[in-house]
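K.L.:
See upload.txt below, with compact mmCIF, C-alpha atoms.
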```
# COMPACT_ATOMS: atom_id res chain seq x y z
CA MET A 1 23.18 -8.00 15.02
CA ARG A 2 23.11 -10.69 17.67
CA SER A 3 20.61 -13.51 17.95
CA HIS A 4 18.40 -14.24 20.93
CA SER A 5 15.29 -16.30 21.47
CA LEU A 6 13.62 -15.20 18.22
CA PRO A 7 13.09 -18.23 15.93
CA LEU A 8 15.43 -17.99 12.97
CA ALA A 9 14.36 -20.94 10.85
CA GLY A 10 10.98 -21.78 9.43
CA PRO A 11 9.50 -25.23 9.01
CA ALA A 12 10.49 -27.18 5.95
CA VAL A 13 8.03 -27.72 3.14
CA SER A 14 5.97 -30.82 3.95
CA MET A 15 5.64 -33.62 1.43
CA PRO A 16 1.83 -33.28 1.16
CA ALA A 17 2.34 -29.64 0.14
CA LEU A 18 4.80 -30.57 -2.61
CA LEU A 19 2.25 -32.63 -4.56
CA PRO A 20 -0.21 -29.80 -5.33
CA LEU A 21 2.70 -27.46 -6.06
CA GLY A 22 4.14 -30.00 -8.51
CA LEU A 23 0.76 -30.42 -10.18
CA LEU A 24 0.39 -26.64 -10.45
CA VAL A 25 3.80 -26.28 -12.09
CA ALA A 26 2.99 -29.13 -14.48
CA LEU A 27 -0.27 -27.42 -15.40
CA LEU A 28 1.52 -24.12 -16.01
CA LEU A 29 4.04 -25.88 -18.25
CA ALA A 30 1.22 -27.46 -20.26
CA LEU A 31 -0.91 -24.32 -20.68
CA PRO A 32 0.41 -23.34 -24.15
CA ALA A 33 -0.91 -26.64 -25.50
CA LEU A 34 -4.30 -26.10 -23.87
CA LEU A 35 -5.10 -22.42 -24.43
CA SER A 36 -5.71 -20.14 -27.38
CA SER A 37 -3.34 -17.27 -28.16
CA GLY A 38 -5.61 -14.74 -26.46
CA LEU A 39 -5.91 -16.75 -23.27
CA LEU A 40 -2.16 -17.41 -23.30
CA ASN A 41 -1.56 -13.65 -23.43
CA ALA A 42 -3.89 -13.30 -20.46
CA SER A 43 -1.91 -16.02 -18.67
CA VAL A 44 1.30 -14.04 -19.21
CA GLN A 45 -0.29 -11.01 -17.57
CA MET A 46 -1.58 -13.19 -14.73
CA LEU A 47 1.93 -14.52 -14.06
CA ILE A 48 3.44 -11.02 -14.07
CA SER A 49 0.73 -9.73 -11.74
CA ALA A 50 1.27 -12.72 -9.45
CA LEU A 51 5.00 -11.99 -9.14
CA PHE A 52 4.35 -8.30 -8.54
CA ALA A 53 1.84 -9.14 -5.80
CA CYS A 54 4.22 -11.59 -4.09
CA ALA A 55 6.99 -8.99 -4.20
CA TYR A 56 4.63 -6.48 -2.62
CA SER A 57 3.58 -9.03 -0.01
CA LEU A 58 7.18 -9.36 1.18
CA LEU A 59 6.96 -5.76 2.35
CA SER A 60 3.31 -5.49 3.38
CA GLY A 61 2.51 -9.04 4.45
CA ARG A 62 5.76 -10.17 6.06
CA ALA A 63 7.33 -6.90 7.21
CA GLY A 64 3.99 -5.25 8.03
CA MET A 65 4.76 -2.05 6.10
CA LEU A 66 1.86 -0.89 3.93
CA SER A 67 3.14 0.71 0.73
CA PHE A 68 0.87 2.81 -1.47
CA GLY A 69 3.48 3.49 -4.15
CA HIS A 70 4.92 0.19 -5.33
CA ALA A 71 4.25 1.13 -8.94
CA ALA A 72 7.46 3.19 -8.70
CA TYR A 73 9.69 0.10 -8.62
CA PHE A 74 7.62 -1.82 -11.13
CA GLY A 75 7.96 1.20 -13.43
CA VAL A 76 11.70 1.82 -13.04
CA GLY A 77 12.31 -1.88 -13.68
CA ALA A 78 10.19 -1.68 -16.81
CA PHE A 79 11.98 1.38 -18.21
CA ALA A 80 15.42 0.02 -17.31
CA THR A 81 14.65 -3.22 -19.16
CA ALA A 82 13.34 -1.34 -22.19
CA HIS A 83 16.51 0.78 -22.42
CA ALA A 84 18.66 -2.35 -21.95
CA MET A 85 16.77 -4.10 -24.76
CA ASN A 86 17.44 -1.17 -27.09
CA ALA A 87 21.08 -0.74 -26.03
CA LEU A 88 22.18 -4.37 -25.95
CA GLY A 89 20.01 -5.82 -28.68
CA GLY A 90 19.50 -9.03 -26.76
CA ALA A 91 23.10 -10.09 -27.27
CA GLY A 92 26.31 -10.29 -25.28
CA LEU A 93 26.24 -11.03 -21.57
CA LEU A 94 22.54 -10.19 -21.34
CA PRO A 95 20.58 -11.95 -24.08
CA THR A 96 16.85 -11.40 -24.29
CA PRO A 97 15.78 -13.99 -21.67
CA LEU A 98 18.10 -12.45 -19.07
CA LEU A 99 17.12 -8.80 -19.59
CA PRO A 100 14.60 -8.70 -16.69
CA LEU A 101 17.71 -8.98 -14.50
CA VAL A 102 18.37 -5.33 -15.39
CA GLY A 103 14.93 -4.37 -14.13
CA GLY A 104 15.57 -6.23 -10.90
CA LEU A 105 18.95 -4.57 -10.32
CA VAL A 106 17.61 -1.07 -11.00
CA GLY A 107 14.59 -1.78 -8.82
CA LEU A 108 16.96 -2.90 -6.06
CA ALA A 109 19.07 0.26 -6.35
CA VAL A 110 16.07 2.57 -6.31
CA GLY A 111 14.51 0.53 -3.51
CA VAL A 112 17.60 0.94 -1.31
CA VAL A 113 17.51 4.73 -1.69
CA ALA A 114 13.73 5.09 -1.37
CA GLY A 115 13.57 2.53 1.43
CA TRP A 116 16.23 4.31 3.45
CA PHE A 117 14.04 7.43 3.54
CA ALA A 118 10.63 5.73 3.77
CA THR A 119 11.53 3.40 6.64
CA GLN A 120 12.56 6.33 8.82
CA ARG A 121 8.86 6.43 9.68
CA ALA A 122 6.20 3.78 10.27
CA GLY A 123 2.46 3.39 9.90
CA THR A 124 0.55 6.11 8.09
CA ALA A 125 3.64 8.28 7.60
CA PHE A 126 5.44 5.41 5.87
CA ALA A 127 2.46 4.79 3.56
CA MET A 128 2.28 8.47 2.63
CA ILE A 129 6.01 8.62 1.88
CA THR A 130 5.77 5.65 -0.47
CA LEU A 131 2.79 7.25 -2.19
CA ALA A 132 4.69 10.53 -2.54
CA ILE A 133 7.70 8.78 -4.13
CA ALA A 134 5.52 7.10 -6.75
CA GLU A 135 3.63 10.32 -7.49
CA LEU A 136 6.94 12.17 -7.79
CA LEU A 137 8.10 9.74 -10.48
CA HIS A 138 4.71 9.92 -12.19
CA SER A 139 4.99 13.72 -12.32
CA LEU A 140 8.64 13.81 -13.40
CA ALA A 141 8.38 11.17 -16.13
CA PRO A 142 6.68 13.38 -18.77
CA GLN A 143 9.31 16.08 -18.13
CA LEU A 144 12.22 13.70 -18.82
CA PRO A 145 11.60 12.38 -22.34
CA GLY A 146 15.17 11.15 -22.66
CA TRP A 147 14.56 8.63 -19.90
CA PHE A 148 10.86 7.96 -20.10
CA GLY A 149 10.01 8.71 -23.73
CA GLY A 150 7.45 11.43 -23.09
CA GLU A 151 3.85 10.81 -24.07
CA SER A 152 4.72 7.99 -26.46
CA GLY A 153 6.89 6.10 -23.98
CA VAL A 154 9.75 3.79 -24.96
CA SER A 155 9.35 1.12 -27.63
CA THR A 156 11.64 -1.84 -28.08
CA MET A 157 11.81 -5.26 -29.70
CA ARG A 158 12.67 -8.74 -28.55
CA MET A 159 15.78 -9.95 -30.34
CA PRO A 160 16.71 -13.57 -31.10
CA ALA A 161 18.87 -15.41 -28.58
CA TRP A 162 19.76 -19.00 -27.65
CA GLY A 163 18.28 -20.23 -30.92
CA PHE A 164 14.83 -18.67 -30.32
CA ASP A 165 13.37 -15.63 -32.07
CA PHE A 166 10.87 -14.86 -29.26
CA GLY A 167 8.33 -13.84 -31.84
CA SER A 168 5.62 -16.19 -30.61
CA THR A 169 3.47 -15.89 -27.51
CA VAL A 170 4.48 -19.41 -26.47
CA GLN A 171 8.17 -18.53 -26.23
CA VAL A 172 7.42 -15.35 -24.29
CA TYR A 173 5.15 -17.32 -21.96
CA TYR A 174 7.91 -19.79 -21.08
CA VAL A 175 10.42 -16.99 -20.44
CA VAL A 176 7.94 -15.26 -18.14
CA LEU A 177 7.04 -18.53 -16.42
CA GLY A 178 10.70 -19.34 -15.82
CA TRP A 179 11.37 -15.95 -14.24
CA VAL A 180 8.22 -16.10 -12.12
CA LEU A 181 9.00 -19.58 -10.79
CA LEU A 182 12.62 -18.64 -10.08
CA SER A 183 11.59 -15.42 -8.33
CA LEU A 184 8.94 -17.15 -6.23
CA ALA A 185 11.49 -19.79 -5.23
CA ALA A 186 13.90 -17.02 -4.19
CA LEU A 187 11.18 -15.27 -2.18
CA TRP A 188 10.32 -18.56 -0.46
CA PHE A 189 13.97 -19.20 0.32
CA HIS A 190 14.24 -15.70 1.79
CA SER A 191 11.26 -16.40 4.06
CA ARG A 192 13.10 -19.46 5.45
CA THR A 193 16.37 -17.63 6.18
CA PRO A 194 17.25 -15.86 9.45
CA LEU A 195 16.86 -12.52 7.65
CA GLY A 196 13.40 -13.53 6.51
CA ARG A 197 12.38 -14.53 10.02
CA LEU A 198 13.65 -11.22 11.36
CA THR A 199 11.62 -9.46 8.65
CA LEU A 200 8.55 -11.22 10.04
CA GLY A 201 9.59 -9.94 13.46
CA LEU A 202 9.25 -6.38 12.14
CA ARG A 203 5.55 -6.99 11.69
CA GLU A 204 5.03 -8.81 14.97
CA ASN A 205 6.99 -6.62 17.37
CA ALA A 206 9.55 -4.13 16.04
CA HIS A 207 10.06 -2.66 19.54
CA ARG A 208 11.15 -6.03 20.87
CA LEU A 209 13.64 -6.43 18.01
CA ARG A 210 15.11 -3.03 18.81
CA PHE A 211 15.30 -3.92 22.50
CA LEU A 212 17.14 -7.13 21.63
CA GLY A 213 19.75 -5.14 19.74
CA TYR A 214 18.74 -5.65 16.12
CA ASP A 215 19.06 -2.88 13.55
CA VAL A 216 15.35 -2.36 12.88
CA HIS A 217 15.94 0.35 10.29
CA GLY A 218 18.40 -1.84 8.39
CA LEU A 219 15.93 -4.73 8.41
CA GLY A 220 13.23 -2.44 7.06
CA VAL A 221 15.50 -1.18 4.28
CA SER A 222 16.46 -4.75 3.31
CA ALA A 223 12.80 -5.81 3.10
CA PHE A 224 11.94 -2.69 1.09
CA ALA A 225 14.86 -3.17 -1.29
CA LEU A 226 14.17 -6.86 -1.92
CA SER A 227 10.51 -6.13 -2.52
CA ALA A 228 11.47 -3.37 -4.97
CA MET A 229 13.93 -5.71 -6.72
CA PHE A 230 11.34 -8.38 -7.47
CA SER A 231 8.85 -5.66 -8.45
CA GLY A 232 11.47 -4.46 -10.93
CA VAL A 233 11.76 -7.99 -12.33
CA ALA A 234 7.98 -8.01 -12.81
CA GLY A 235 8.23 -4.67 -14.62
CA GLY A 236 10.98 -6.06 -16.84
CA LEU A 237 8.81 -9.04 -17.73
CA GLN A 238 5.98 -6.65 -18.61
CA VAL A 239 8.25 -4.90 -21.13
CA LEU A 240 9.49 -8.21 -22.48
CA SER A 241 5.88 -9.15 -23.13
CA ASN A 242 4.56 -5.84 -24.50
CA GLU A 243 7.75 -4.50 -26.17
CA ALA A 244 6.80 -1.02 -24.96
CA VAL A 245 6.37 0.95 -21.76
CA ASN A 246 4.75 4.29 -20.94
CA TYR A 247 4.96 6.45 -17.83
CA VAL A 248 1.42 5.29 -17.03
CA VAL A 249 3.12 2.42 -15.17
CA PHE A 250 3.81 4.94 -12.40
CA ASP A 251 0.11 5.75 -12.04
CA ALA A 252 -1.54 5.38 -8.65
CA SER A 253 -3.97 2.84 -10.11
CA VAL A 254 -1.06 0.39 -10.60
CA SER A 255 -0.11 0.73 -6.94
CA ALA A 256 -3.74 0.40 -5.90
CA ALA A 257 -4.20 -2.73 -8.03
CA VAL A 258 -1.34 -4.61 -6.36
CA VAL A 259 -2.68 -3.67 -2.92
CA LEU A 260 -6.17 -4.91 -3.80
CA ASN A 261 -4.88 -8.09 -5.44
CA SER A 262 -2.66 -8.95 -2.48
CA TYR A 263 -5.34 -8.45 0.15
CA ILE A 264 -8.05 -10.19 -1.86
CA GLY A 265 -5.82 -13.24 -2.23
CA GLY A 266 -4.56 -13.14 1.34
CA VAL A 267 -1.53 -11.01 2.12
CA GLY A 268 -0.68 -13.05 5.19
CA THR A 269 0.16 -16.20 3.19
CA PHE A 270 2.97 -16.81 0.72
CA LEU A 271 0.96 -17.68 -2.41
CA GLY A 272 -2.22 -15.83 -1.40
CA PRO A 273 -1.23 -12.59 -3.21
CA ALA A 274 -0.34 -14.59 -6.32
CA LEU A 275 -3.77 -16.23 -6.28
CA GLY A 276 -5.52 -12.90 -5.80
CA ALA A 277 -3.53 -11.25 -8.59
CA ALA A 278 -4.17 -14.11 -11.01
CA VAL A 279 -7.90 -14.19 -10.25
CA MET A 280 -8.38 -10.43 -10.52
CA THR A 281 -6.25 -10.13 -13.68
CA PHE A 282 -8.31 -12.83 -15.36
CA PHE A 283 -11.47 -11.16 -14.07
CA GLY A 284 -10.44 -7.91 -15.75
CA TYR A 285 -9.57 -9.73 -18.98
CA ALA A 286 -12.87 -11.62 -19.07
CA VAL A 287 -15.24 -8.88 -17.91
CA SER A 288 -13.78 -5.54 -19.02
CA ASP A 289 -15.13 -5.90 -22.57
CA THR A 290 -18.64 -6.88 -21.45
CA THR A 291 -19.44 -4.26 -18.81
CA GLN A 292 -18.46 -0.72 -17.92
CA LEU A 293 -18.77 -1.48 -14.22
CA TRP A 294 -15.95 -4.02 -13.88
CA LEU A 295 -13.83 -1.66 -11.78
CA LEU A 296 -16.81 -1.13 -9.49
CA TYR A 297 -17.13 -4.91 -9.09
CA GLN A 298 -13.45 -5.10 -8.15
CA GLY A 299 -13.93 -2.42 -5.52
CA VAL A 300 -17.04 -4.08 -4.12
CA LEU A 301 -15.24 -7.42 -3.93
CA PHE A 302 -12.33 -5.83 -2.06
CA VAL A 303 -14.68 -4.19 0.46
CA LEU A 304 -16.58 -7.46 1.01
CA VAL A 305 -13.35 -9.40 1.50
CA MET A 306 -12.04 -6.88 4.02
CA LEU A 307 -15.35 -6.89 5.91
CA PHE A 308 -16.14 -10.60 6.01
CA VAL A 309 -12.98 -12.51 5.02
CA PRO A 310 -9.99 -10.37 6.03
CA GLN A 311 -7.69 -13.37 5.54
CA GLY A 312 -8.50 -13.33 1.82
CA ILE A 313 -9.37 -16.16 -0.56
CA THR A 314 -6.65 -18.40 0.84
CA GLY A 315 -8.06 -17.79 4.31
CA VAL A 316 -11.36 -19.32 3.21
CA PHE A 317 -9.60 -22.45 1.92
CA THR A 318 -7.45 -22.71 5.03
CA ALA A 319 -10.40 -22.34 7.40
CA THR A 320 -12.44 -24.89 5.43
CA ALA A 321 -9.57 -27.39 5.46
CA ARG A 322 -9.17 -26.92 9.22
CA LEU A 323 -12.86 -27.56 9.85
CA LEU A 324 -12.79 -30.64 7.62
CA ARG A 325 -9.86 -32.08 9.56
CA ARG A 326 -11.54 -31.52 12.91
CA HIS A 327 -15.18 -32.35 12.17
CA GLY A 328 -15.23 -34.39 8.97
CA ALA A 329 -17.19 -33.76 5.78
CA ALA A 330 -20.74 -34.43 7.05
CA PRO A 331 -21.23 -31.23 9.11
CA VAL A 332 -18.87 -29.00 7.09
CA LEU A 333 -19.76 -29.58 3.44
CA PRO A 334 -23.45 -28.53 3.77
CA ALA A 335 -22.34 -25.24 5.34
CA VAL A 336 -19.76 -24.71 2.60
CA ALA A 337 -22.33 -25.53 -0.09
CA ALA A 338 -24.77 -23.06 1.47
CA GLY A 339 -22.06 -20.40 1.53
CA MET A 340 -21.19 -20.96 -2.13
CA ALA A 341 -24.84 -20.88 -3.17
CA ALA A 342 -25.31 -17.68 -1.17
CA ALA A 343 -22.34 -16.07 -2.91
CA LEU A 344 -23.71 -17.00 -6.34
CA LEU A 345 -27.21 -15.70 -5.54
CA LEU A 346 -25.91 -12.46 -4.05
CA ALA A 347 -23.58 -11.94 -7.01
CA ALA A 348 -26.36 -12.62 -9.52
CA GLY A 349 -28.79 -10.27 -7.79
CA GLY A 350 -26.19 -7.55 -7.32
CA VAL A 351 -24.93 -7.71 -10.89
CA PHE A 352 -28.47 -7.67 -12.29
CA LEU A 353 -29.40 -4.64 -10.20
CA LEU A 354 -26.23 -2.68 -10.95
CA GLU A 355 -26.28 -3.41 -14.68
CA ALA A 356 -29.96 -2.46 -14.93
CA LEU A 357 -29.37 0.81 -13.07
CA GLN A 358 -26.30 1.57 -15.21
CA ARG A 359 -28.30 1.20 -18.39
CA LEU A 360 -31.20 3.14 -16.93
CA CYS A 361 -28.90 6.06 -16.09
CA SER A 362 -26.88 6.00 -19.32
CA GLN A 363 -27.12 8.86 -21.79
CA ASP A 364 -27.99 6.49 -24.65
CA TRP A 365 -31.05 5.11 -22.83
CA ARG A 366 -32.24 8.57 -21.79
CA ALA A 367 -31.85 9.87 -25.35
CA LEU A 368 -33.83 6.91 -26.65
CA ALA A 369 -36.51 7.52 -24.02
CA ARG A 370 -36.86 11.13 -25.15
CA MET A 371 -37.14 10.08 -28.79
CA GLN A 372 -39.77 7.42 -28.10
CA GLU A 373 -41.52 9.41 -25.39
CA GLY A 374 -41.72 6.28 -23.28
CA TRP A 375 -39.71 3.70 -21.38
CA PRO A 376 -37.62 1.67 -23.87
CA PRO A 377 -36.66 -1.86 -22.71
CA LEU A 378 -33.33 -2.55 -21.05
CA GLN A 379 -31.12 -4.95 -23.00
CA LEU A 380 -29.62 -7.16 -20.32
CA PHE A 381 -28.25 -10.73 -20.39
CA GLY A 382 -29.47 -11.40 -23.92
CA ARG A 383 -33.05 -10.30 -23.48
CA ALA A 384 -35.17 -7.17 -23.07
CA TRP A 385 -36.50 -6.13 -19.67
CA ALA A 386 -39.30 -3.60 -19.23
CA PRO A 387 -38.03 -0.97 -16.76
CA ASP A 388 -41.59 -0.15 -15.64
CA ALA A 389 -42.47 -3.79 -14.86
CA VAL A 390 -42.49 -4.95 -11.25
CA SER A 391 -40.99 -8.33 -12.23
CA THR A 392 -37.86 -6.63 -13.59
CA TRP A 393 -36.94 -5.27 -10.15
CA LEU A 394 -38.50 -8.08 -8.13
CA LEU A 395 -36.14 -10.69 -9.61
CA PRO A 396 -32.86 -9.19 -8.29
CA LEU A 397 -34.49 -8.46 -4.92
CA VAL A 398 -35.59 -12.09 -4.61
CA LEU A 399 -32.09 -13.27 -5.53
CA LEU A 400 -30.53 -10.95 -2.94
CA ALA A 401 -32.99 -12.02 -0.25
CA ALA A 402 -32.42 -15.73 -0.94
CA GLY A 403 -28.66 -15.20 -0.95
CA ALA A 404 -28.78 -13.30 2.35
CA ALA A 405 -30.86 -16.08 3.95
CA LEU A 406 -28.43 -18.77 2.80
CA ALA A 407 -25.45 -16.69 3.92
CA ARG A 408 -26.99 -16.34 7.37
CA LEU A 409 -27.59 -20.10 7.54
CA ALA A 410 -24.02 -20.87 6.47
CA HIS A 411 -22.64 -18.39 8.99
CA GLN A 412 -24.65 -19.93 11.81
CA ARG A 413 -23.45 -23.44 11.00
CA ILE A 414 -19.80 -22.44 10.66
CA THR A 415 -19.96 -20.39 13.86
CA ALA A 416 -21.41 -23.38 15.72
CA LEU A 417 -18.52 -25.56 14.50
CA GLN A 418 -15.98 -22.96 15.56
CA GLU A 419 -17.60 -22.66 18.98
CA ARG A 420 -17.29 -26.44 19.37
CA ASP A 421 -13.58 -26.10 18.66
CA ALA A 422 -13.24 -23.34 21.24
CA ALA A 423 -15.06 -25.41 23.84
```
Before anything else, please render the file you have as structure tokens.
P.N.:
Amino acid sequence: MRSHSLPLAGPAVSMPALLPLGLLVALLLALPALLSSGLLNASVQMLISALFACAYSLLSGRAGMLSFGHAAYFGVGAFATAHAMNALGGAGLLPTPLLPLVGGLVGLAVGVVAGWFATQRAGTAFAMITLAIAELLHSLAPQLPGWFGGESGVSTMRMPAWGFDFGSTVQVYYVVLGWVLLSLAALWFHSRTPLGRLTLGLRENAHRLRFLGYDVHGLGVSAFALSAMFSGVAGGLQVLSNEAVNYVVFDASVSAAVVLNSYIGGVGTFLGPALGAAVMTFFGYAVSDTTQLWLLYQGVLFVLVMLFVPQGITGVFTATARLLRRHGAAPVLPAVAAGMAAALLLAAGGVFLLEALQRLCSQDWRALARMQEGWPPLQLFGRAWAPDAVSTWLLPLVLLAAGAALARLAHQRITALQERDAA
């Protein structure tokens, strides 16, 4: 491949950006001393999800290729690591902390083969091919118990190495954190290399790259394979944490989750997918035991982000920072405060309404209504609400109306500031 006018080097990391990154790393290093065992386990899952999302973003965000089957490479990395743990016993050239390397290498190998076929097409055809590959593995896994363990999956155990027994959550957390930080650093370095800049060119204008003489198919395969490799590392870390893996890791819901997490966080930025994955993983941990509708809330959030904030959570922070730089705090902060208040009011009203309707439509409530021959109260947010009282349904409607009014006010103020910039 020959180089032309396409920029091949990205800007260096600025000093102001290093300070918050250093503080974030310091906070991550200190978390075991600050959190309970349960929250530390949740933090491990957040880190793994963040790496998986960033690996996915290399393909979808930078290369512009939307994959619907990235669970395939997460899964093969997980199973490869589990078999390596059982075969090697955490000793020799690959002690326990280095075993996710096996998941990464197998993910890379499978990614090269799958990517060679998938990148023959683009757009919708590419997305369907990736989905078909993941579904193929999901269908084959139960039929190959020697590889995938059948219904029970593959169990393993972390073995002592380097003077650690890896029996505590703290030790597992630091192994996972080390791999995640190293992988994110490698992904960042890739984005600064000529190959990484050419990968970005695939998203911006693949036809121009081909016209300039670059091997577009080879670039697509390289992006696919690297994304699959880091997804395999994430799968290996999942096995290192859980000491077991089942063919459920190939399920379409795993692929869907990484897509949602990446776009909610902001697939167009480097750490946006990591933020989205961490937030949504913690959301599932915190809410899944308290409501049956938590998956619905995730879906609603994704739809709202795509409709109103397509740049994701990081896009909101970036836009706010840009307005603050240009206009100062006086005109911007009231609009931001109104937007935050609107989000809280809309969320409160929506959650109240959905939870009340869910209880009203549940079989338990209907059975109780038949037994009492009346309208039993709805147990919601620590108190009873009469379903036949106007106040019960008026409260969420008032919250939604107030939230909509504040959202409109915030939108008007922010739009006025943006129009001043355009002028």
K.L.:
Please write as a PyMOL selection string the list of polymer residues whose atoms come within 7 Å of (8.1, -4.5, -7.0), counting all atoms listed in the file and keeping to the coordinates of the file.
P.N.:
chain A and resi 52+55-56+70+73-74+227-232+234
K.L.:
Dump C-alpha atoms for the selected residues as a PDB file, in the coordinates of the input?
P.N.:
```pdb
ATOM      1  CA  PHE A  52       4.350  -8.300  -8.540  1.00  0.00           C
ATOM      2  CA  ALA A  55       6.990  -8.990  -4.200  1.00  0.00           C
ATOM      3  CA  TYR A  56       4.630  -6.480  -2.620  1.00  0.00           C
ATOM      4  CA  HIS A  70       4.920   0.190  -5.330  1.00  0.00           C
ATOM      5  CA  TYR A  73       9.690   0.100  -8.620  1.00  0.00           C
ATOM      6  CA  PHE A  74       7.620  -1.820 -11.130  1.00  0.00           C
ATOM      7  CA  SER A 227      10.510  -6.130  -2.520  1.00  0.00           C
ATOM      8  CA  ALA A 228      11.470  -3.370  -4.970  1.00  0.00           C
ATOM      9  CA  MET A 229      13.930  -5.710  -6.720  1.00  0.00           C
ATOM     10  CA  PHE A 230      11.340  -8.380  -7.470  1.00  0.00           C
ATOM     11  CA  SER A 231       8.850  -5.660  -8.450  1.00  0.00           C
ATOM     12  CA  GLY A 232      11.470  -4.460 -10.930  1.00  0.00           C
ATOM     13  CA  ALA A 234       7.980  -8.010 -12.810  1.00  0.00           C
TER      14      ALA A 234
END
```
K.L.:
Contacts of stretch 19-24 of chain A at 12 Å or less, counting only C-alpha atoms, minus same-chain residues fewer than 6 places along, as a list in words?
P.N.:
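Once the adjacent positions are removed, what remains is Val13, Ala30, Leu31, Leu181, Ala185, Leu271 and Leu275 of chain A.
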K.L.:
Would you compute the distance between atom CA of A:Tyr174 and atom CA of A:Gly61? Give it in Å to one decimal.
P.N.:
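Those two atoms sit 28.2 Å apart.
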K.L.:
Out of A:Gly328, A:Gly75, A:Gly350, A:Pro377, which residue has the shortest atom-to-atom distance to A:Ala244 when counting all atoms listed in the file?
P.N.:
A:Gly75
K.L.:
For each of A:Ala367, A:Ala80, A:Val332, A:Val258, take the minimum atom-to-atom distance to A:Leu99, counting all atoms listed in the file, then give the residue where this is smallest.
P.N.:
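Looking at the shortest contact to A:Leu99, the residue is A:Ala80.
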K.L.:
Determine, counting only C-alpha atoms, which protein, DNA and RNA residues have an atom within 10 Å of an atom of A:Ser152; residues of the same chain fewer than 3 positions away are not included. Present the result as an NGL selection string.
P.N.:
:A and (142 or 145 or 148-149 or 155 or 244-247)
K.L.:
Compare A:Ala71, A:Val351, A:Leu409, A:Leu323 by their minimum atom-to-atom distance to A:Val300, counting all atoms listed in the file, and give me the closest one.
P.N.:
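Ranking A:Ala71, A:Val351, A:Leu409, A:Leu323 by distance to A:Val300, first place goes to A:Val351.
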K.L.:
Contacts of A:Thr269 at 9 Å or less, counting only C-alpha atoms, minus same-chain residues fewer than 2 places along, as a list of chain:residue names?
P.N.:
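My reading of the contact set: A:Ser57, A:Gly61, A:Arg62, A:Gly265, A:Gly266, A:Val267, A:Leu271, A:Gly272, A:Pro273, A:Gln311, A:Thr314, A:Gly315.
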K.L.:
With distances taken over all atoms listed in the file, which of A:Thr193, A:Gln298, A:Gln171, A:Asn86 is nearest to A:Leu40?
P.N.:
A:Gln171
K.L.:
Just to confirm, what's the straight-line distance from atom CA of A:Leu66 to atom CA of A:Leu296 in Å (one decimal)?
P.N.:
23.0 Å
K.L.:
For atom CA of A:Leu144 and atom CA of A:Val221, determine how far apart the two atoms are, in Å to one decimal place.
P.N.:
27.7 Å
K.L.:
Could you tell me which of A:Thr96, A:Ser253, A:Ser362, A:Ser241 comes closest to A:Val176 if we count all atoms listed in the file?
P.N.:
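Nearest to A:Val176: A:Ser241.
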K.L.:
Do you know which residues lie at most 12 Å from (14.3, -18.4, -0.4), with coordinates as in the file and only C-alpha atoms counted, and could you write them as number ranges by chain?
P.N.:
A: 9-10, 12-13, 58, 181-197, 226, 270
K.L.:
Rank A:Leu39, A:Leu406, A:Met46, A:Ala223 by their smallest atom-to-atom distance to A:Leu108, using all atoms listed in the file, and report the top residue only.
P.N.:
A:Ala223
K.L.:
Each residue of stretch 46-104 of chain A lying at most 12 Å from stretch 280-294 of chain A should get a row with its shortest atom-to-atom pair and the distance in Å to one decimal, counting all atoms listed in the file; could you produce that, ordered by chain and increasing number, as a tab-separated table?
P.N.:
```
residue	atom	partner	partner_atom	distance
A:Met46	CA	A:Thr281	CA	5.7
A:Leu47	CA	A:Thr281	CA	9.3
A:Ile48	CA	A:Thr281	CA	9.7
A:Ser49	CA	A:Thr281	CA	7.3
A:Ala50	CA	A:Thr281	CA	9.0
A:Phe52	CA	A:Thr281	CA	11.9
A:Ala53	CA	A:Met280	CA	11.3
```
K.L.:
Do a neighbour search on stretch 384-401 of chain A at 6 Å with only C-alpha atoms, toss out local chain neighbours closer than 3 positions, and write the hits as a ChimeraX atom specification.
P.N.:
/A:345-346,349,377-379,404
